[in-house]
Every structure is written in C-alpha cells, then in structure tokens.
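Colleague: mmCIF, C-alpha atoms, file start15.cif:
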```
data_start
#
loop_
_atom_site.group_PDB
_atom_site.id
_atom_site.type_symbol
_atom_site.label_atom_id
_atom_site.label_comp_id
_atom_site.auth_asym_id
_atom_site.auth_seq_id
_atom_site.Cartn_x
_atom_site.Cartn_y
_atom_site.Cartn_z
ATOM 1 C CA LEU A 1464 94.989 -137.252 -42.048
ATOM 2 C CA GLY A 1465 97.460 -137.211 -44.943
ATOM 3 C CA LEU A 1466 100.324 -135.852 -42.860
ATOM 4 C CA SER A 1467 99.519 -138.172 -39.959
ATOM 5 C CA LEU A 1468 100.186 -141.155 -42.236
ATOM 6 C CA PHE A 1469 103.764 -139.958 -42.683
ATOM 7 C CA MET A 1470 104.506 -139.145 -39.056
ATOM 8 C CA GLY A 1471 107.199 -141.430 -37.703
ATOM 9 C CA SER A 1472 107.673 -143.298 -40.976
ATOM 10 C CA ALA A 1473 110.538 -143.391 -43.460
ATOM 11 C CA ILE A 1474 108.220 -142.140 -46.202
ATOM 12 C CA PRO A 1475 108.820 -138.466 -47.005
ATOM 13 C CA PRO A 1476 105.987 -135.983 -46.410
ATOM 14 C CA PRO A 1477 103.685 -135.187 -49.313
ATOM 15 C CA LEU A 1478 104.814 -132.644 -51.898
ATOM 16 C CA GLY A 1479 102.550 -130.024 -50.337
ATOM 17 C CA ALA A 1480 105.145 -129.525 -47.610
ATOM 18 C CA SER A 1481 108.259 -129.385 -49.813
ATOM 19 C CA PRO A 1482 110.032 -126.041 -50.322
ATOM 20 C CA LEU A 1483 109.944 -126.504 -54.113
ATOM 21 C CA THR A 1484 106.171 -126.908 -54.119
ATOM 22 C CA LEU A 1485 105.785 -123.890 -51.854
ATOM 23 C CA LEU A 1486 108.002 -121.860 -54.205
ATOM 24 C CA VAL A 1487 105.864 -122.811 -57.180
ATOM 25 C CA MET A 1488 102.677 -121.944 -55.288
ATOM 26 C CA ALA A 1489 104.067 -118.570 -54.178
ATOM 27 C CA SER A 1490 105.265 -117.822 -57.713
ATOM 28 C CA ILE A 1491 101.898 -118.599 -59.271
ATOM 29 C CA LEU A 1492 100.002 -116.552 -56.700
ATOM 30 C CA SER A 1493 102.336 -113.565 -57.001
ATOM 31 C CA THR A 1494 102.387 -113.687 -60.794
ATOM 32 C CA ALA A 1495 98.600 -113.690 -60.928
ATOM 33 C CA ILE A 1496 98.351 -110.673 -58.621
ATOM 34 C CA LEU A 1497 101.029 -108.664 -60.403
ATOM 35 C CA SER A 1498 99.778 -109.567 -63.891
ATOM 36 C CA SER A 1499 96.381 -108.202 -62.925
ATOM 37 C CA ALA A 1500 98.033 -104.974 -61.770
ATOM 38 C CA GLY A 1501 99.861 -104.732 -65.086
ATOM 39 C CA VAL A 1502 96.697 -105.203 -67.109
ATOM 40 C CA PHE A 1503 94.936 -102.608 -64.954
ATOM 41 C CA GLY A 1504 97.768 -100.159 -65.647
ATOM 42 C CA LEU A 1505 97.474 -100.664 -69.394
ATOM 43 C CA VAL A 1506 93.700 -100.419 -69.513
ATOM 44 C CA THR A 1507 93.391 -97.308 -67.349
ATOM 45 C CA CYS A 1508 96.118 -95.234 -69.027
ATOM 46 C CA SER A 1509 94.525 -92.323 -70.858
ATOM 47 C CA SER A 1510 97.630 -91.574 -72.926
ATOM 48 C CA SER A 1511 98.071 -92.961 -76.409
ATOM 49 C CA SER A 1512 101.846 -93.065 -75.923
ATOM 50 C CA THR A 1513 103.253 -96.574 -75.595
ATOM 51 C CA THR A 1514 105.946 -95.319 -73.220
ATOM 52 C CA ALA A 1515 103.384 -93.618 -70.971
ATOM 53 C CA LYS A 1516 101.297 -96.794 -70.873
ATOM 54 C CA ALA A 1517 104.369 -98.860 -70.033
ATOM 55 C CA ALA A 1518 105.397 -96.395 -67.301
ATOM 56 C CA GLN A 1519 101.926 -96.488 -65.762
ATOM 57 C CA THR A 1520 101.886 -100.280 -65.922
ATOM 58 C CA ALA A 1521 105.287 -100.430 -64.205
ATOM 59 C CA ARG A 1522 103.981 -98.009 -61.565
ATOM 60 C CA PHE A 1523 100.974 -100.230 -60.876
ATOM 61 C CA VAL A 1524 103.154 -103.344 -60.702
ATOM 62 C CA SER A 1525 105.504 -101.595 -58.261
ATOM 63 C CA ALA A 1526 102.590 -100.296 -56.164
ATOM 64 C CA SER A 1527 100.853 -103.685 -56.140
ATOM 65 C CA ALA A 1528 104.049 -105.493 -55.193
ATOM 66 C CA ASN A 1529 104.667 -103.138 -52.268
ATOM 67 C CA LEU A 1530 101.043 -103.492 -51.140
ATOM 68 C CA GLY A 1531 101.298 -107.268 -51.568
ATOM 69 C CA ASN A 1532 104.482 -107.234 -49.519
ATOM 70 C CA ALA A 1533 102.638 -105.311 -46.782
ATOM 71 C CA ALA A 1534 99.782 -107.832 -46.896
ATOM 72 C CA ILE A 1535 102.044 -110.876 -46.678
ATOM 73 C CA HIS A 1536 103.948 -109.297 -43.768
ATOM 74 C CA PHE A 1537 100.570 -108.820 -42.071
ATOM 75 C CA ILE A 1538 99.862 -112.532 -42.567
ATOM 76 C CA LEU A 1539 103.314 -113.343 -41.148
ATOM 77 C CA VAL A 1540 102.589 -111.196 -38.082
ATOM 78 C CA LEU A 1541 99.235 -112.917 -37.520
ATOM 79 C CA TYR A 1542 100.790 -116.365 -37.925
ATOM 80 C CA THR A 1543 103.660 -115.494 -35.585
ATOM 81 C CA LEU A 1544 101.244 -114.227 -32.940
ATOM 82 C CA SER A 1545 99.087 -117.339 -33.311
ATOM 83 C CA CYS A 1546 102.161 -119.512 -32.662
ATOM 84 C CA ALA A 1547 103.186 -117.657 -29.486
ATOM 85 C CA GLY A 1548 103.123 -120.874 -27.445
ATOM 86 C CA GLU A 1549 105.174 -122.968 -29.881
ATOM 87 C CA THR A 1550 108.477 -124.273 -28.525
ATOM 88 C CA SER A 1551 110.162 -125.583 -31.675
ATOM 89 C CA ALA A 1552 113.671 -124.324 -32.455
ATOM 90 C CA TYR A 1553 112.338 -122.047 -35.203
ATOM 91 C CA TRP A 1554 109.886 -120.221 -32.930
ATOM 92 C CA VAL A 1555 112.370 -119.921 -30.077
ATOM 93 C CA LYS A 1556 114.922 -118.305 -32.412
ATOM 94 C CA GLU A 1557 112.246 -116.121 -33.991
ATOM 95 C CA ARG A 1558 111.306 -114.710 -30.585
ATOM 96 C CA GLU A 1559 115.013 -114.149 -29.755
ATOM 97 C CA LEU A 1560 115.337 -112.098 -32.964
ATOM 98 C CA GLY A 1561 112.499 -109.817 -31.908
ATOM 99 C CA GLY A 1562 109.295 -111.549 -32.902
ATOM 100 C CA VAL A 1563 106.914 -109.295 -34.816
ATOM 101 C CA GLU A 1564 108.567 -105.868 -34.574
ATOM 102 C CA GLY A 1565 110.531 -106.198 -37.830
ATOM 103 C CA PRO A 1566 107.623 -107.547 -39.906
ATOM 104 C CA VAL A 1567 105.275 -104.861 -38.522
ATOM 105 C CA GLY A 1568 107.741 -102.128 -39.504
ATOM 106 C CA LEU A 1569 108.174 -103.590 -42.991
ATOM 107 C CA MET A 1570 104.413 -103.932 -43.347
ATOM 108 C CA VAL A 1571 103.831 -100.255 -42.536
ATOM 109 C CA VAL A 1572 106.613 -98.899 -44.773
ATOM 110 C CA ASN A 1573 105.660 -101.146 -47.714
ATOM 111 C CA ALA A 1574 102.011 -100.093 -47.394
ATOM 112 C CA CYS A 1575 102.991 -96.403 -47.407
ATOM 113 C CA VAL A 1576 105.330 -96.820 -50.405
ATOM 114 C CA GLY A 1577 102.729 -98.874 -52.288
ATOM 115 C CA LEU A 1578 99.956 -96.356 -51.632
ATOM 116 C CA SER A 1579 102.259 -93.520 -52.652
ATOM 117 C CA ALA A 1580 103.011 -95.198 -55.975
ATOM 118 C CA ALA A 1581 99.347 -96.060 -56.521
ATOM 119 C CA VAL A 1582 98.266 -92.418 -56.156
ATOM 120 C CA ARG A 1583 101.034 -91.053 -58.366
ATOM 121 C CA GLY A 1584 103.700 -90.489 -55.759
ATOM 122 C CA THR A 1585 107.276 -89.957 -56.799
ATOM 123 C CA VAL A 1586 109.175 -92.803 -58.401
ATOM 124 C CA LYS A 1587 112.219 -91.867 -56.308
ATOM 125 C CA VAL A 1588 110.538 -93.007 -53.078
ATOM 126 C CA SER A 1589 109.543 -96.321 -54.607
ATOM 127 C CA LEU A 1590 112.911 -96.980 -56.248
ATOM 128 C CA GLY A 1591 114.827 -95.799 -53.185
ATOM 129 C CA TRP A 1592 112.910 -97.996 -50.740
ATOM 130 C CA ASN A 1593 112.859 -101.078 -52.959
ATOM 131 C CA GLY A 1594 116.567 -100.726 -53.775
ATOM 132 C CA PHE A 1595 117.375 -100.314 -50.085
ATOM 133 C CA VAL A 1596 115.386 -103.446 -49.188
ATOM 134 C CA ALA A 1597 117.091 -105.496 -51.920
ATOM 135 C CA VAL A 1598 120.590 -104.504 -50.856
ATOM 136 C CA LEU A 1599 120.059 -104.649 -47.104
ATOM 137 C CA GLY A 1600 118.083 -107.905 -47.209
ATOM 138 C CA SER A 1601 120.796 -109.555 -49.276
ATOM 139 C CA PHE A 1602 123.560 -108.741 -46.824
ATOM 140 C CA LEU A 1603 121.909 -108.977 -43.393
ATOM 141 C CA PRO A 1604 122.515 -112.488 -42.038
ATOM 142 C CA VAL A 1605 119.082 -112.657 -40.365
ATOM 143 C CA VAL A 1606 117.172 -112.126 -43.599
ATOM 144 C CA TRP A 1607 117.774 -113.999 -46.869
ATOM 145 C CA LEU A 1608 120.970 -115.778 -45.810
ATOM 146 C CA ARG A 1609 119.108 -117.205 -42.812
ATOM 147 C CA PHE A 1610 116.216 -118.267 -45.010
ATOM 148 C CA LEU A 1611 118.475 -120.047 -47.490
ATOM 149 C CA ASN A 1612 120.429 -121.823 -44.750
ATOM 150 C CA GLU A 1613 117.509 -122.823 -42.520
ATOM 151 C CA MET A 1614 114.382 -123.057 -44.673
ATOM 152 C CA GLU A 1615 114.240 -126.846 -44.628
ATOM 153 C CA SER A 1616 113.687 -126.801 -40.869
ATOM 154 C CA TRP A 1617 111.065 -124.024 -40.950
ATOM 155 C CA PRO A 1618 107.307 -124.584 -40.848
ATOM 156 C CA PRO A 1619 105.809 -124.868 -44.363
ATOM 157 C CA VAL A 1620 103.554 -121.844 -43.827
ATOM 158 C CA VAL A 1621 106.583 -119.691 -42.991
ATOM 159 C CA ASN A 1622 108.425 -120.953 -46.079
ATOM 160 C CA PHE A 1623 105.430 -120.084 -48.239
ATOM 161 C CA VAL A 1624 105.227 -116.587 -46.733
ATOM 162 C CA TRP A 1625 108.954 -115.996 -47.296
ATOM 163 C CA PHE A 1626 108.707 -117.123 -50.927
ATOM 164 C CA VAL A 1627 105.861 -114.634 -51.469
ATOM 165 C CA ILE A 1628 107.893 -111.898 -49.735
ATOM 166 C CA PHE A 1629 110.816 -112.640 -52.047
ATOM 167 C CA TRP A 1630 108.582 -112.506 -55.123
ATOM 168 C CA MET A 1631 106.945 -109.251 -54.010
ATOM 169 C CA GLU A 1632 110.263 -107.576 -53.143
ATOM 170 C CA LEU A 1633 111.791 -108.573 -56.466
ATOM 171 C CA SER A 1634 108.700 -107.405 -58.366
ATOM 172 C CA ALA A 1635 108.591 -104.107 -56.473
ATOM 173 C CA LEU A 1636 112.248 -103.451 -57.251
ATOM 174 C CA THR A 1637 112.023 -104.336 -60.936
ATOM 175 C CA GLY A 1638 108.701 -102.512 -61.322
ATOM 176 C CA SER A 1639 110.038 -99.305 -59.761
ATOM 177 C CA ALA A 1640 113.290 -99.548 -61.752
ATOM 178 C CA LEU A 1641 111.302 -99.943 -64.971
ATOM 179 C CA TRP A 1642 108.992 -97.100 -63.963
ATOM 180 C CA TYR A 1643 112.023 -94.877 -63.376
ATOM 181 C CA SER A 1644 113.745 -95.892 -66.611
ATOM 182 C CA LEU A 1645 110.564 -95.119 -68.597
ATOM 183 C CA GLY A 1646 110.481 -91.595 -67.241
ATOM 184 C CA GLY A 1647 108.264 -92.003 -64.188
ATOM 185 C CA GLU A 1648 108.878 -88.427 -63.114
ATOM 186 C CA GLU A 1649 108.051 -87.157 -66.607
ATOM 187 C CA GLU A 1650 104.706 -88.961 -66.470
ATOM 188 C CA LYS A 1651 103.916 -87.188 -63.193
ATOM 189 C CA ARG A 1652 104.913 -83.744 -64.502
ATOM 190 C CA LYS A 1653 102.810 -84.113 -67.682
ATOM 191 C CA LYS A 1654 99.697 -84.793 -65.596
ATOM 192 C CA GLU A 1655 100.193 -81.616 -63.511
#
```
Rewrite the structure from the file as structure tokens, please.
Modeller:
Amino acid sequence: LGLSLFMGSAIPPPLGASPLTLLVMASILSTAILSSAGVFGLVTCSSSSTTAKAAQTARFVSASANLGNAAIHFILVLYTLSCAGETSAYWVKERELGGVEGPVGLMVVNACVGLSAAVRGTVKVSLGWNGFVAVLGSFLPVVWLRFLNEMESWPPVVNFVWFVIFWMELSALTGSALWYSLGGEEEKRKKE
C-alpha cells in the first residue's frame, strides 16, 4: 500500500527503497553476523596467548564472511530464478550476462573456502581467494563498476543483496589478511 501511494506521483518513494537505506541495512546485518563470529572465536580459543586468540577470531570472521557470501549468493540465485519472467531492462541485461551461472559458481567457491577456514584449513587458501575476488571484482566492468554506475535503476532487493556481498567480501579479505598477519599458519602448526 505504501509504495502504491507513490506510483505515478512526484513524491519520491519511501526511504525503504533508497540505496542509502539499503546500505545501512546491509551494514547492520553484516556487522551483527561478523561480530558474533568474532566473539565466538574469542570465547572458544583454548590458548591463553592474546595473539592466538586474535588469530582464531580473525579466522572465524574470515570463515563467516565467506559463508555469508555463499549464503547471500544463494539468495541472489533464488531471487533471479523467481524473476525469470520479468522484462525490465535490469533483468534483460542480467540474462544476457549469463543469469545465475556466475553467482552459483561464487556461492560454491565461497562455501568451500569458508568451510575450509572454519575447520582450520590453510590461511593461504582464504587469503588467496579473497584477494583474487577483491582485485578481479574491482576491475571487471560487469561487477562493481556496473553496480556503481547502474544501482539506482536496479530493484531494491538486488541493491540490498549487492551491499551485503560487498560487506562480506570486504570482511572476508580483511579477516583473512589479519589471520595471515597474526601467524595463521603458526596457529595451525601448534595444534598439530
């Protein structure tokens, strides 16, 4: 009902549909999830070393961010499939770019990297993948450049999903970089 009041009028849509509001919502949601992962890392670390606790916390943040990235890509795939009959310019272009193949691939790889980090996999896999995603996503025109240039014409749900993806990718990269810098491999060797 609220949106129908604004259809065809000069009054702007409610704040719930603005990119800024969606960014704030995505940020709050992502921060809550990753903060919980950080607290879990601190509480479950058996070492009394502050560095070991920080490394484990960074590992859990990295793992949770990759798993969150997989989950949000899954939501994007479901939403894309549910909008298969849509004919707006966004959906037409999305289907021209390949539809769900890219998000499915990213979902699978992020889930594998996140699970690997969660069960004490090597920090090199996590840092390598997350660094690769950050660099490639920044320079491929169909990823972040497209989002920045076209987001105002995209459906609000898609904007929200992309903001969460951004937050998760950034958190996964910084978490794995911190994990590495705190001696992530040393933590693994000490446990063996």
Colleague: If you take every atom of range 1565-1581 of chain A that the file lists and fit an axis-aligned box around them with 4 Å extra on each side, what centre and edge lengths come out in Å to one decimal, as JSON?
Modeller:
```
{"center_x": 104.9, "center_y": -100.5, "center_z": -47.2, "size_x": 19.2, "size_y": 22.0, "size_z": 26.7}
```
Colleague: For the file shown, what are the residues hit by the PyMOL selection byres ((chain A and resi 1645-1647) around 12), laid out as a ChimeraX atom specification?
Modeller: /A:1512-1523,1525,1580,1583-1590,1638-1644,1648-1654
Colleague: For Glu1615 in chain A, which residue among A:Ser1498, A:Leu1599, A:Leu1483, A:Thr1543 is the nearest when counting only C-alpha atoms?
Modeller: A:Leu1483
Colleague: Give me, as a PyMOL selection string, all polymer residues having an atom no more than 12 Å from Ser1545 in chain A, counting all atoms listed in the file and skipping those fewer than 5 positions away in the same chain.
Modeller: chain A and resi 1538-1540+1554+1562-1563
Colleague: Nearest to Phe1610 in chain A among A:Leu1541, A:Trp1592, A:Val1576, A:Ile1628, with distances taken over all atoms listed in the file: which residue is it?
Modeller: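 Ranking A:Leu1541, A:Trp1592, A:Val1576, A:Ile1628 by distance to Phe1610 in chain A, first place goes to A:Ile1628.
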Colleague: So the first atom is CA of Asn1529 in chain A and the second is CA of Met1631 in chain A; what is the distance between them in Å, to one decimal place?
Modeller: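 Computing it gives 6.8 Å between the two atoms.
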Colleague: Could you write range 1598-1616 of chain A as an mmCIF file, in the coordinates of the input, with N, CA, C and O atoms rebuilt where they are missing?
Modeller:
```cif
data_model
loop_
_atom_site.group_PDB
_atom_site.id
_atom_site.type_symbol
_atom_site.label_atom_id
_atom_site.label_comp_id
_atom_site.auth_asym_id
_atom_site.auth_seq_id
_atom_site.Cartn_x
_atom_site.Cartn_y
_atom_site.Cartn_z
ATOM 1 N N VAL A 1598 119.184 -104.477 -51.272
ATOM 2 C CA VAL A 1598 120.590 -104.504 -50.856
ATOM 3 C C VAL A 1598 120.716 -104.949 -49.406
ATOM 4 O O VAL A 1598 121.490 -105.857 -49.084
ATOM 5 N N LEU A 1599 119.952 -104.326 -48.526
ATOM 6 C CA LEU A 1599 120.059 -104.649 -47.104
ATOM 7 C C LEU A 1599 119.657 -106.099 -46.824
ATOM 8 O O LEU A 1599 120.346 -106.815 -46.098
ATOM 9 N N GLY A 1600 118.539 -106.534 -47.426
ATOM 10 C CA GLY A 1600 118.083 -107.905 -47.209
ATOM 11 C C GLY A 1600 119.062 -108.947 -47.704
ATOM 12 O O GLY A 1600 119.171 -110.035 -47.152
ATOM 13 N N SER A 1601 119.819 -108.608 -48.732
ATOM 14 C CA SER A 1601 120.796 -109.555 -49.276
ATOM 15 C C SER A 1601 122.012 -109.719 -48.372
ATOM 16 O O SER A 1601 122.653 -110.759 -48.392
ATOM 17 N N PHE A 1602 122.336 -108.694 -47.611
ATOM 18 C CA PHE A 1602 123.560 -108.741 -46.824
ATOM 19 C C PHE A 1602 123.357 -108.937 -45.326
ATOM 20 O O PHE A 1602 124.312 -109.268 -44.627
ATOM 21 N N LEU A 1603 122.154 -108.733 -44.811
ATOM 22 C CA LEU A 1603 121.909 -108.977 -43.393
ATOM 23 C C LEU A 1603 121.785 -110.483 -43.156
ATOM 24 O O LEU A 1603 120.930 -111.131 -43.770
ATOM 25 N N PRO A 1604 122.566 -111.035 -42.262
ATOM 26 C CA PRO A 1604 122.515 -112.488 -42.038
ATOM 27 C C PRO A 1604 121.171 -113.007 -41.544
ATOM 28 O O PRO A 1604 120.857 -114.168 -41.748
ATOM 29 N N VAL A 1605 120.355 -112.170 -40.896
ATOM 30 C CA VAL A 1605 119.082 -112.657 -40.365
ATOM 31 C C VAL A 1605 117.955 -112.637 -41.389
ATOM 32 O O VAL A 1605 116.839 -113.037 -41.082
ATOM 33 N N VAL A 1606 118.244 -112.194 -42.607
ATOM 34 C CA VAL A 1606 117.172 -112.126 -43.599
ATOM 35 C C VAL A 1606 117.347 -113.261 -44.608
ATOM 36 O O VAL A 1606 117.090 -114.421 -44.299
ATOM 37 N N TRP A 1607 117.768 -112.982 -45.815
ATOM 38 C CA TRP A 1607 117.774 -113.999 -46.869
ATOM 39 C C TRP A 1607 118.830 -115.077 -46.663
ATOM 40 O O TRP A 1607 118.607 -116.242 -47.008
ATOM 41 N N LEU A 1608 119.968 -114.736 -46.083
ATOM 42 C CA LEU A 1608 120.970 -115.778 -45.810
ATOM 43 C C LEU A 1608 120.432 -116.794 -44.807
ATOM 44 O O LEU A 1608 120.641 -117.998 -44.943
ATOM 45 N N ARG A 1609 119.718 -116.302 -43.795
ATOM 46 C CA ARG A 1609 119.108 -117.205 -42.812
ATOM 47 C C ARG A 1609 118.066 -118.088 -43.490
ATOM 48 O O ARG A 1609 118.009 -119.300 -43.249
ATOM 49 N N PHE A 1610 117.240 -117.495 -44.318
ATOM 50 C CA PHE A 1610 116.216 -118.267 -45.010
ATOM 51 C C PHE A 1610 116.836 -119.382 -45.845
ATOM 52 O O PHE A 1610 116.416 -120.539 -45.778
ATOM 53 N N LEU A 1611 117.844 -119.047 -46.630
ATOM 54 C CA LEU A 1611 118.475 -120.047 -47.490
ATOM 55 C C LEU A 1611 119.141 -121.166 -46.692
ATOM 56 O O LEU A 1611 119.131 -122.326 -47.107
ATOM 57 N N ASN A 1612 119.722 -120.826 -45.556
ATOM 58 C CA ASN A 1612 120.429 -121.823 -44.750
ATOM 59 C C ASN A 1612 119.504 -122.665 -43.882
ATOM 60 O O ASN A 1612 119.854 -123.789 -43.527
ATOM 61 N N GLU A 1613 118.347 -122.135 -43.507
ATOM 62 C CA GLU A 1613 117.509 -122.823 -42.520
ATOM 63 C C GLU A 1613 116.124 -123.215 -43.013
ATOM 64 O O GLU A 1613 115.358 -123.822 -42.269
ATOM 65 N N MET A 1614 115.769 -122.890 -44.232
ATOM 66 C CA MET A 1614 114.382 -123.057 -44.673
ATOM 67 C C MET A 1614 113.856 -124.488 -44.578
ATOM 68 O O MET A 1614 112.660 -124.684 -44.370
ATOM 69 N N GLU A 1615 114.721 -125.460 -44.683
ATOM 70 C CA GLU A 1615 114.240 -126.846 -44.628
ATOM 71 C C GLU A 1615 113.717 -127.225 -43.250
ATOM 72 O O GLU A 1615 112.928 -128.153 -43.129
ATOM 73 N N SER A 1616 114.157 -126.498 -42.222
ATOM 74 C CA SER A 1616 113.687 -126.801 -40.869
ATOM 75 C C SER A 1616 112.541 -125.883 -40.444
ATOM 76 O O SER A 1616 112.039 -126.010 -39.329
#
```
